[in-house]
Each structure stands twice: as C-alpha cells, then as structure tokens.
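K.L.:
My questions will all concern the structure given below.
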Amino acid sequence: MGVNATLLVQMAVFAAFVWFTMKFVWPPITKAMEERQTRISEGLAAAERGTRELANAQGEKDAVLREAREQAANIVAQANARHAEIVEEAKSAAQAEADRIQAGAQAELDQQVAQAREALRAQVATLAVEGAGRVINKELDASAHGALLDDLAARL
Amino acid sequence: MATEAGAVSPAGYITHHLQHWTVGEGFWTVNVDTVLYSAVLGAIFLFFFRMAAKSATADVPGKLQNFVEILVDFVDNSVKESFHGKDKLIAPLALTIFVWVFLWNFMDLIPVDLLPTFATWVGSTFFGADPHHVYHRVVPSADMSATFGLSMSVFLLIFVYGFRGKGAIKFSKEFLFHPFDHFLFIPFNLVLNVVEYLAKPVSLSLRLFGNLYAGELVFILIALFTLQATEVSVMNMGLGLAQFIAGFAWALFHILVITLQAFVFMTLTIVYLSMAYEDH
C-alpha cells in the first residue's frame with residue numbers, strides 16, 4: 001500500500017490517453033452526431049415545409065376551382081340572357097312585321113271600300129237621276145240639278 | 001492460492017492477494033500489474049472508441065457507434081451542465097476518466113483468483129518464478145498510486161484552468177482574499193485554501209480507492225469460504241453454496257458501485273475544473 005512511482009507512470013499514461021481521446025476519438029464522433037442532428041432537423045423542417053406547401057396548393061386548388069365555377073356560372077347566365085334577348089328581338093320583329101302587314105291590309109281594305117263607295121255613289125246618282133226622270137217622265141237637266149244629285153249621292 | 005487448497009492459511013491468502021507485482025525499490029517502485037492492467041484497459045477503450053470514431057457517420061449508426069455515442073452524449077451533457085466555457089479538453093478528459101475508471105473498477109468483477117492464478121501459472125512455467133512470489137493485483141483502482149495518478153492530474157489541471165479562466169492575478173487574489181476579504185486574514189485564507197485545494201485530489205482518489213479496495217477485499221473474504229476445502233463433504237458443499245450466494249450478491253451490488261464511482265470521479269472532476277475556471 002501507499003503511493004509510489006506508479007503514480008508518475010499512471011499520470012503519463014493518463015495524459016497520453018486523454019490526448020488521444022481529444023485528438024482522435026472525440027471530434028469525429030461529436031461531428032457525426034452534430035451532422036446527424038442538423039440533418040434530422042433539416043428533414044423535419046422540410047417535412048413541415050412540404051405540409052405547408054401542400055396546404056397552400058390545396059387552398060390554391062380550391063380558389064381556382066371556385067373561380068372556374070363562377071366563370072362557368074357567369075357564362076351560362078350570359079348565354080341565358082343572350083338567348084332571352086334574341087327571343088325577345090325575334091318576337092318584337094315578328095310583332096312589327098305582323099303590325100305592318102296588318103296595317104297594309106287595312107289600308108288596302110279602306111281604299112277598296114272607298115273606291116267601292118265612290119263607284120256606288122256614282123251609280124246611285126245615275127240611278128237616282130234615271131229613276132227620278134222616269135218618275136216625272138221628263139228629262140232632268142243634269143246640269144241644272146247637278147248640285148241636288150251630288151248632295152244626294154254624298155248622303156249615300 | 002486456492003489451487004493449493006489446504007496448504008494456505010486465510011491470512012496468507014489475503015496478504016498474498018494484496019501484494020503488488022513490483023519492480024524497483026522504495027518510492028521508485030512501479031506496480032507493474034497496475035500499470036499493465038490500466039494500460040491494457042485504456043488501450044481497449046481507445047481501440048473500440050477509435051474504431052467507432054473512424055467509421056462514425058451521420059447516417060444510421062451501427063451498434064458500436066450507437067453505444068459510443070450514448071456515452072459521448074452522456075459525458076457531453078454532464079460537462080455542459082456545469083462547465084459553460086468553450087473548451088476542447090474537458091469533455092474528452094471526462095470521457096476518458098469515466099470509461100477508464102469504469103474499466104478499472106470492472107476488473108473487480110472478474111473472479112478474484114482467475115487472473116492471479118493464470119499469472120502464477122505463466123510466471124512459474126515460463127519464467128521459473130516461485131509460485132508463492134508471483135503477486136498479481138488486477139484492479140487498478142484498488143491501488144492508491146493509480147487513483148492518485150488520476151486525481152493529481154486533475155489537481156494540476158485545476159490550476160491550469162484557474163489561470164486560463166480567471167487569469168493568474170485574479171486566481172492568486174482569490175487564493176489570498178477568499179473567503180475573508182481583508183488583508184489581515186491573508187494567512188488564514190491561505191491555509192484554508194491550501195487545505196481546500198488539497199482536499200480535492202485527496203478526496204477524489206481516496207473515495208475511489210476506498211470503495212474498490214473494500215470491494216476487492218470483500219471478494220477475497222468471500223473466496224475464503226472454500227479456501228481450505230480438501231474433500232467433498234456436506235459442509236463443504238454448503239460453504240460452496242454460501243460462497244456462491246455471497247459472491248453473487250456482492251457482485252450484483254458492486255455493478256452499481258463501480259459505475260457510480262466512475263461517474264462520481266468524472267462529475268467531480270468537471271465540477272472542480274468549472275469552479276476553477278469560472279467566477280463564483
């Protein structure tokens with residue numbers, strides 16, 4: 001028992017071991033550990049980023065889809081409006097045409113009625129004069145009684 | 001020795017077990033067994049750790065690397081808990097102390113007669129030594145020279161760290177004016193600090209030595225159960241069973257002790273160096 005020169009030998013050996021550990025053992029191991037640590041944290045960050053990007057893409061997709069749907073709805077509405085417009089236009093054009101045709105027919109009818117009336121009137125005057133002549137057996141002077149005859153004819 | 005059962009007295013057995021294999025005289029004696037075993041254990045430690053370090057990869061680590069990394073991480077955390085400066089030496093130092101001391105202590109779990117018997121056989125067969133004078137102690141931490149070798153290295157480092165962390169002037173001032181900050185108290189402070197500083201390596205090494213020496217001694221005493229058994233008898237079988245149970249129980253308990261002592265030595269080393277390095 002007791003302490004002897006072994007102490008000095010042990011101190012030297014210890015120093016050598018510590019030096020070796022410090023130089024050749026500790027740095028590579030801690031370096032590998034730190035590297036792995038950063039790699040893992042990077043991996044986790046990447047995964048997080050991926051999740052976030054996925055959520056973003058999902059939102060973007062929803063927005064695009066909504067917009068497309070809105071556009072489609074707009075187009076359909078526009079088409080509908082246009083369709084109604086065209087129908088309306090056609091309707092009014094048809095109506096106008098019908099009105100025009102009707103008016104023309106009416107005018108022609110009126111004219112024909114007037115012509116007929118005129119002709120009738122002329123014939124009535126002649127008939128009346130003839131009738132009256134026959135009744136009184138004498139020639140009426142057409143020119144002398146013209147005013148009377150015209151008045152008669154106008155009343156028909 | 002147990003191999004020559006019957007011819008050996010318990011006292012002779014014990015004293016034989018507590019003798020070092022030595023070279024030299026007086027203080028200039030070297031305990032060859034201590035140096036040999038601690039060096040071989042250190043070499044084993046460095047061999048495996050260097051192997052792991054060489055193939056260390058940031059990818060999926062192998063089993064050896066995993067094991068080494070667990071130890072490195074454990075030591076690194078212990079260091080970071082109390083030492084806050086940036087230092088390249090202290091963590092490897094702590095790792096070396098922990099593993100080396102653990103391996104020293106582990107030698108205590110190897111059956112007490114195994115290696116000495118082998119050494120006796122080698123010594124007497126190949127070197128013509130007298131079997132009674134082949135001494136062999138395999139637990140370096142049960143040798144005060146070894147534990148003091150460690151703690152004196154730590155003691156020197158305390159000053160190195162003190163000078164580096166606080167500077168020579170501040171360190172010396174603390175030595176003179178702490179704990180009583182008055183020039184009249186300088187001699188008193190000086191004595192107090194010298195005692196305090198000397199207590200550190202002494203307590204470090206004696207704690208380790210005491211625990212392991214006692215452990216070794218208990219193993220030797222347990223081995224006495226059947227030391228003088230010469231025949232197969234009921235009593236000897238009972239003694240053998242008792243020896244087995246006692247040895248098993250003590251070894252089990254000792255697993256705790258050897259780990260704890262290695263840990264305590266490492267932790268206190270870190271604490272002492274931090275105390276020297278940093279301001280209170």
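The chains in the structure tokens are called A, B, ... from first to last as shown; in each chain the residues are counted from 1, and the ligands are counted from 1 in the order shown.
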Residues of chain B within 8 Å of chain A, counting only C-alpha atoms, what are they? List them as a VMD selection string.
P.N.:
chain B and resid 26 to 32 34 to 35 39 42 46 49 to 50 52 to 54 56 to 59 69 72 88 to 89 92 to 93 96 143 to 146 148 to 150 152 to 153
K.L.:
Take the residues that were just selected and, keeping N, CA and C atoms, output them as a tab-separated table (two decimals), in the first residue's frame.
P.N.:
chain	number	residue	atom	x	y	z
B	26	GLY	N	11.73	1.19	-2.82
B	26	GLY	CA	11.28	2.40	-2.14
B	26	GLY	C	10.22	3.14	-2.92
B	27	PHE	N	10.39	4.48	-2.98
B	27	PHE	CA	9.41	5.24	-3.74
B	27	PHE	C	9.49	4.87	-5.21
B	28	TRP	N	10.67	4.57	-5.68
B	28	TRP	CA	10.84	4.29	-7.11
B	28	TRP	C	10.44	2.86	-7.45
B	29	THR	N	9.37	2.44	-6.80
B	29	THR	CA	8.80	1.15	-7.13
B	29	THR	C	7.67	1.39	-8.13
B	30	VAL	N	7.59	0.51	-9.11
B	30	VAL	CA	6.46	0.60	-10.04
B	30	VAL	C	5.64	-0.67	-9.89
B	31	ASN	N	4.35	-0.49	-9.67
B	31	ASN	CA	3.47	-1.64	-9.59
B	31	ASN	C	3.14	-2.08	-11.01
B	32	VAL	N	3.86	-3.08	-11.45
B	32	VAL	CA	3.75	-3.49	-12.85
B	32	VAL	C	2.32	-3.92	-13.19
B	34	THR	N	-0.55	-2.94	-11.88
B	34	THR	CA	-1.42	-1.77	-12.04
B	34	THR	C	-1.20	-1.11	-13.39
B	35	VAL	N	0.08	-0.86	-13.71
B	35	VAL	CA	0.39	-0.18	-14.96
B	35	VAL	C	-0.07	-1.02	-16.14
B	39	ALA	N	-3.11	0.11	-18.47
B	39	ALA	CA	-2.73	0.45	-19.84
B	39	ALA	C	-3.51	-0.41	-20.84
B	42	GLY	N	-7.03	0.78	-20.90
B	42	GLY	CA	-7.10	2.04	-21.64
B	42	GLY	C	-6.98	1.79	-23.13
B	46	LEU	N	-9.60	2.82	-25.94
B	46	LEU	CA	-9.28	3.66	-27.09
B	46	LEU	C	-9.46	2.92	-28.40
B	49	PHE	N	-13.22	2.84	-29.16
B	49	PHE	CA	-13.74	4.19	-29.41
B	49	PHE	C	-13.16	4.76	-30.69
B	50	ARG	N	-11.87	4.43	-30.93
B	50	ARG	CA	-11.26	4.93	-32.17
B	50	ARG	C	-11.90	4.25	-33.37
B	52	ALA	N	-14.96	3.22	-33.56
B	52	ALA	CA	-16.26	3.87	-33.77
B	52	ALA	C	-16.07	5.24	-34.38
B	53	ALA	N	-15.01	5.96	-33.93
B	53	ALA	CA	-14.80	7.32	-34.42
B	53	ALA	C	-14.41	7.32	-35.89
B	54	LYS	N	-13.61	6.30	-36.27
B	54	LYS	CA	-13.14	6.26	-37.65
B	54	LYS	C	-14.28	6.01	-38.62
B	56	ALA	N	-17.36	6.69	-37.93
B	56	ALA	CA	-18.52	7.49	-37.50
B	56	ALA	C	-19.18	8.14	-38.71
B	57	THR	N	-20.47	8.00	-38.76
B	57	THR	CA	-21.20	8.55	-39.88
B	57	THR	C	-22.45	9.23	-39.38
B	58	ALA	N	-22.89	10.23	-40.13
B	58	ALA	CA	-24.11	10.93	-39.75
B	58	ALA	C	-25.35	10.15	-40.18
B	59	ASP	N	-25.09	9.09	-40.97
B	59	ASP	CA	-26.22	8.24	-41.38
B	59	ASP	C	-26.62	7.35	-40.20
B	69	GLU	N	-21.80	6.64	-28.94
B	69	GLU	CA	-22.49	7.93	-28.96
B	69	GLU	C	-23.29	8.17	-27.69
B	72	VAL	N	-20.74	9.26	-25.23
B	72	VAL	CA	-20.26	10.61	-25.56
B	72	VAL	C	-21.32	11.65	-25.22
B	88	LYS	N	-11.79	22.51	-25.48
B	88	LYS	CA	-11.67	21.27	-26.26
B	88	LYS	C	-11.25	20.09	-25.40
B	89	LEU	N	-10.69	20.41	-24.22
B	89	LEU	CA	-10.07	19.34	-23.43
B	89	LEU	C	-11.02	18.67	-22.45
B	92	PRO	N	-13.39	15.44	-23.58
B	92	PRO	CA	-12.62	14.20	-23.78
B	92	PRO	C	-11.97	13.72	-22.49
B	93	LEU	N	-11.53	14.66	-21.67
B	93	LEU	CA	-10.93	14.29	-20.38
B	93	LEU	C	-11.95	13.55	-19.53
B	96	THR	N	-12.61	10.10	-20.95
B	96	THR	CA	-11.51	9.18	-20.65
B	96	THR	C	-11.59	8.72	-19.20
B	143	ASP	N	-5.53	0.39	-6.24
B	143	ASP	CA	-4.14	0.79	-5.98
B	143	ASP	C	-4.12	2.30	-5.84
B	144	MET	N	-3.69	2.76	-4.66
B	144	MET	CA	-3.72	4.20	-4.41
B	144	MET	C	-2.87	4.98	-5.42
B	145	SER	N	-1.81	4.38	-5.88
B	145	SER	CA	-0.96	5.08	-6.84
B	145	SER	C	-1.75	5.41	-8.11
B	146	ALA	N	-2.59	4.48	-8.51
B	146	ALA	CA	-3.35	4.71	-9.73
B	146	ALA	C	-4.40	5.80	-9.51
B	148	PHE	N	-4.41	8.10	-7.24
B	148	PHE	CA	-3.75	9.40	-7.06
B	148	PHE	C	-3.16	9.90	-8.37
B	149	GLY	N	-2.76	8.98	-9.21
B	149	GLY	CA	-2.26	9.40	-10.53
B	149	GLY	C	-3.32	10.17	-11.27
B	150	LEU	N	-4.55	9.69	-11.21
B	150	LEU	CA	-5.65	10.42	-11.85
B	150	LEU	C	-5.93	11.74	-11.15
B	152	MET	N	-4.15	13.52	-9.16
B	152	MET	CA	-3.10	14.54	-9.23
B	152	MET	C	-3.10	15.23	-10.60
B	153	SER	N	-3.42	14.46	-11.63
B	153	SER	CA	-3.54	15.07	-12.95
B	153	SER	C	-4.67	16.10	-12.94
K.L.:
Env of Ala122 of chain A: 9 Å cut, atoms = only C-alpha atoms, seq-sep filter 5 positions within chain, self excluded. Answer as a list of chain:residue names.
P.N.:
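Counting only the stated atoms, we get A:Arg117, A:Leu127, A:Asp150, A:Ala153.
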K.L.:
Got a sec: who's within 9 Å of segment 211-225 of chain B, counting only C-alpha atoms, leaving out chain neighbours fewer than 2 positions off, as an MDAnalysis selection string?
P.N.:
chainID B and resid 2 10 13:14 17:18 105 108:109 111:113 139 141:143 206:209 227:229 236 239:240 242:244 246:247 250:251 254 257:258 261
K.L.:
Name the residues in contact with Phe45 of chain B at a cut-off of 8 Å, using only C-alpha atoms, excluding same-chain residues fewer than 4 positions from it; report them as JSON, numbers by chain.
P.N.:
{"B": [41, 49, 99, 100]}
K.L.:
Measuring between only C-alpha atoms, which one of B:Thr120, B:Thr147, B:Asn66, B:Asn77 shows the shortest distance to Phe265 of chain B?
P.N.:
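With only C-alpha atoms as the atom set, the closest residue is B:Thr147.
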K.L.:
Mind giving me the straight-line distance from atom CA of His16 of chain B to atom CA of Tyr135 of chain B in Å, one decimal?
P.N.:
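Spanning atom CA of His16 of chain B to atom CA of Tyr135 of chain B is a straight-line distance of 6.8 Å.
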K.L.:
For Val138 of chain B, please output as number ranges by chain all residues within 7 Å (counting only C-alpha atoms; exclusion window: fewer than 6 positions along the same chain).
P.N.:
B: 33-34, 37, 107
K.L.:
Would you give me, as a VMD selection string, the residues in segment 6-172 of chain B that DSSP reads as alpha helix (DSSP H)?
P.N.:
chain B and resid 10 to 17 32 to 54 63 to 82 90 to 106 114 to 126 144 to 166 168 to 172
K.L.:
Just C-alpha atoms for this one: save the residues we selected as an mmCIF file, in the first residue's frame.
P.N.:
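Produced file result22.cif, reproduced below:
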data_model
loop_
_atom_site.group_PDB
_atom_site.id
_atom_site.type_symbol
_atom_site.label_atom_id
_atom_site.label_comp_id
_atom_site.auth_asym_id
_atom_site.auth_seq_id
_atom_site.Cartn_x
_atom_site.Cartn_y
_atom_site.Cartn_z
ATOM 1 C CA PRO B 10 -6.544 -17.456 5.244
ATOM 2 C CA ALA B 11 -4.180 -14.733 6.423
ATOM 3 C CA GLY B 12 -1.545 -15.839 3.944
ATOM 4 C CA TYR B 13 -4.113 -15.942 1.171
ATOM 5 C CA ILE B 14 -5.306 -12.437 1.889
ATOM 6 C CA THR B 15 -1.871 -10.882 2.205
ATOM 7 C CA HIS B 16 -0.740 -12.628 -0.932
ATOM 8 C CA HIS B 17 -3.697 -11.147 -2.754
ATOM 9 C CA VAL B 32 3.750 -3.489 -12.853
ATOM 10 C CA ASP B 33 0.326 -5.107 -12.523
ATOM 11 C CA THR B 34 -1.416 -1.772 -12.043
ATOM 12 C CA VAL B 35 0.385 -0.178 -14.963
ATOM 13 C CA LEU B 36 -0.136 -3.217 -17.167
ATOM 14 C CA TYR B 37 -3.823 -3.641 -16.490
ATOM 15 C CA SER B 38 -4.692 0.036 -16.624
ATOM 16 C CA ALA B 39 -2.732 0.445 -19.842
ATOM 17 C CA VAL B 40 -4.352 -2.585 -21.440
ATOM 18 C CA LEU B 41 -7.792 -1.438 -20.335
ATOM 19 C CA GLY B 42 -7.097 2.040 -21.643
ATOM 20 C CA ALA B 43 -5.918 0.548 -24.915
ATOM 21 C CA ILE B 44 -9.116 -1.492 -25.179
ATOM 22 C CA PHE B 45 -11.150 1.634 -24.502
ATOM 23 C CA LEU B 46 -9.277 3.663 -27.086
ATOM 24 C CA PHE B 47 -9.302 0.844 -29.617
ATOM 25 C CA PHE B 48 -13.073 0.493 -29.604
ATOM 26 C CA PHE B 49 -13.745 4.191 -29.411
ATOM 27 C CA ARG B 50 -11.255 4.929 -32.165
ATOM 28 C CA MET B 51 -12.878 2.232 -34.283
ATOM 29 C CA ALA B 52 -16.255 3.867 -33.766
ATOM 30 C CA ALA B 53 -14.798 7.322 -34.419
ATOM 31 C CA LYS B 54 -13.138 6.259 -37.647
ATOM 32 C CA LYS B 63 -24.311 -0.754 -32.835
ATOM 33 C CA LEU B 64 -20.809 0.176 -31.732
ATOM 34 C CA GLN B 65 -21.274 3.757 -32.844
ATOM 35 C CA ASN B 66 -24.589 3.867 -31.037
ATOM 36 C CA PHE B 67 -23.007 2.665 -27.843
ATOM 37 C CA VAL B 68 -20.136 5.103 -28.113
ATOM 38 C CA GLU B 69 -22.488 7.933 -28.963
ATOM 39 C CA ILE B 70 -24.612 7.225 -25.916
ATOM 40 C CA LEU B 71 -21.517 7.526 -23.735
ATOM 41 C CA VAL B 72 -20.257 10.610 -25.555
ATOM 42 C CA ASP B 73 -23.652 12.254 -25.297
ATOM 43 C CA PHE B 74 -23.930 11.382 -21.622
ATOM 44 C CA VAL B 75 -20.491 12.822 -20.859
ATOM 45 C CA ASP B 76 -21.125 15.849 -23.055
ATOM 46 C CA ASN B 77 -24.338 16.620 -21.187
ATOM 47 C CA SER B 78 -22.606 16.242 -17.836
ATOM 48 C CA VAL B 79 -19.916 18.660 -18.975
ATOM 49 C CA LYS B 80 -22.378 21.177 -20.403
ATOM 50 C CA GLU B 81 -24.380 21.169 -17.190
ATOM 51 C CA SER B 82 -21.576 22.626 -15.108
ATOM 52 C CA ILE B 90 -12.573 18.961 -20.666
ATOM 53 C CA ALA B 91 -15.140 16.734 -22.397
ATOM 54 C CA PRO B 92 -12.619 14.204 -23.778
ATOM 55 C CA LEU B 93 -10.930 14.293 -20.381
ATOM 56 C CA ALA B 94 -14.206 13.475 -18.664
ATOM 57 C CA LEU B 95 -14.936 10.700 -21.156
ATOM 58 C CA THR B 96 -11.511 9.179 -20.647
ATOM 59 C CA ILE B 97 -11.881 9.320 -16.882
ATOM 60 C CA PHE B 98 -15.354 7.802 -16.923
ATOM 61 C CA VAL B 99 -14.628 4.902 -19.220
ATOM 62 C CA TRP B 100 -11.151 4.238 -17.931
ATOM 63 C CA VAL B 101 -12.151 4.263 -14.270
ATOM 64 C CA PHE B 102 -15.176 2.140 -15.083
ATOM 65 C CA LEU B 103 -12.952 -0.436 -16.758
ATOM 66 C CA TRP B 104 -10.544 -0.361 -13.816
ATOM 67 C CA ASN B 105 -13.425 -0.953 -11.475
ATOM 68 C CA PHE B 106 -14.843 -3.616 -13.729
ATOM 69 C CA LEU B 114 -8.767 -16.140 -12.068
ATOM 70 C CA LEU B 115 -6.102 -13.778 -13.358
ATOM 71 C CA PRO B 116 -3.680 -14.215 -10.412
ATOM 72 C CA THR B 117 -3.825 -17.994 -10.858
ATOM 73 C CA PHE B 118 -3.166 -17.604 -14.547
ATOM 74 C CA ALA B 119 -0.309 -15.233 -13.802
ATOM 75 C CA THR B 120 1.138 -17.698 -11.303
ATOM 76 C CA TRP B 121 0.988 -20.437 -13.882
ATOM 77 C CA VAL B 122 2.624 -18.254 -16.536
ATOM 78 C CA GLY B 123 5.243 -16.989 -14.070
ATOM 79 C CA SER B 124 6.214 -20.377 -12.748
ATOM 80 C CA THR B 125 6.004 -22.225 -16.039
ATOM 81 C CA PHE B 126 7.705 -19.816 -18.405
ATOM 82 C CA MET B 144 -3.716 4.203 -4.406
ATOM 83 C CA SER B 145 -0.963 5.079 -6.840
ATOM 84 C CA ALA B 146 -3.354 4.711 -9.730
ATOM 85 C CA THR B 147 -6.179 6.702 -8.180
ATOM 86 C CA PHE B 148 -3.745 9.399 -7.056
ATOM 87 C CA GLY B 149 -2.257 9.395 -10.528
ATOM 88 C CA LEU B 150 -5.650 10.416 -11.854
ATOM 89 C CA SER B 151 -6.517 12.856 -9.121
ATOM 90 C CA MET B 152 -3.099 14.541 -9.229
ATOM 91 C CA SER B 153 -3.540 15.074 -12.954
ATOM 92 C CA VAL B 154 -6.896 16.644 -12.186
ATOM 93 C CA PHE B 155 -5.239 18.684 -9.430
ATOM 94 C CA LEU B 156 -2.719 20.106 -11.901
ATOM 95 C CA LEU B 157 -5.498 20.828 -14.360
ATOM 96 C CA ILE B 158 -7.386 22.753 -11.673
ATOM 97 C CA PHE B 159 -4.537 25.260 -11.674
ATOM 98 C CA VAL B 160 -4.293 25.291 -15.441
ATOM 99 C CA TYR B 161 -7.995 26.041 -15.707
ATOM 100 C CA GLY B 162 -7.831 28.549 -12.884
ATOM 101 C CA PHE B 163 -5.124 30.515 -14.660
ATOM 102 C CA ARG B 164 -6.814 30.252 -18.009
ATOM 103 C CA GLY B 165 -10.303 31.103 -16.824
ATOM 104 C CA LYS B 166 -9.593 33.836 -14.315
ATOM 105 C CA ALA B 168 -3.095 34.485 -12.787
ATOM 106 C CA ILE B 169 -3.783 37.685 -10.836
ATOM 107 C CA LYS B 170 -7.418 37.043 -10.119
ATOM 108 C CA PHE B 171 -6.711 33.431 -9.315
ATOM 109 C CA SER B 172 -3.990 34.353 -6.832
#
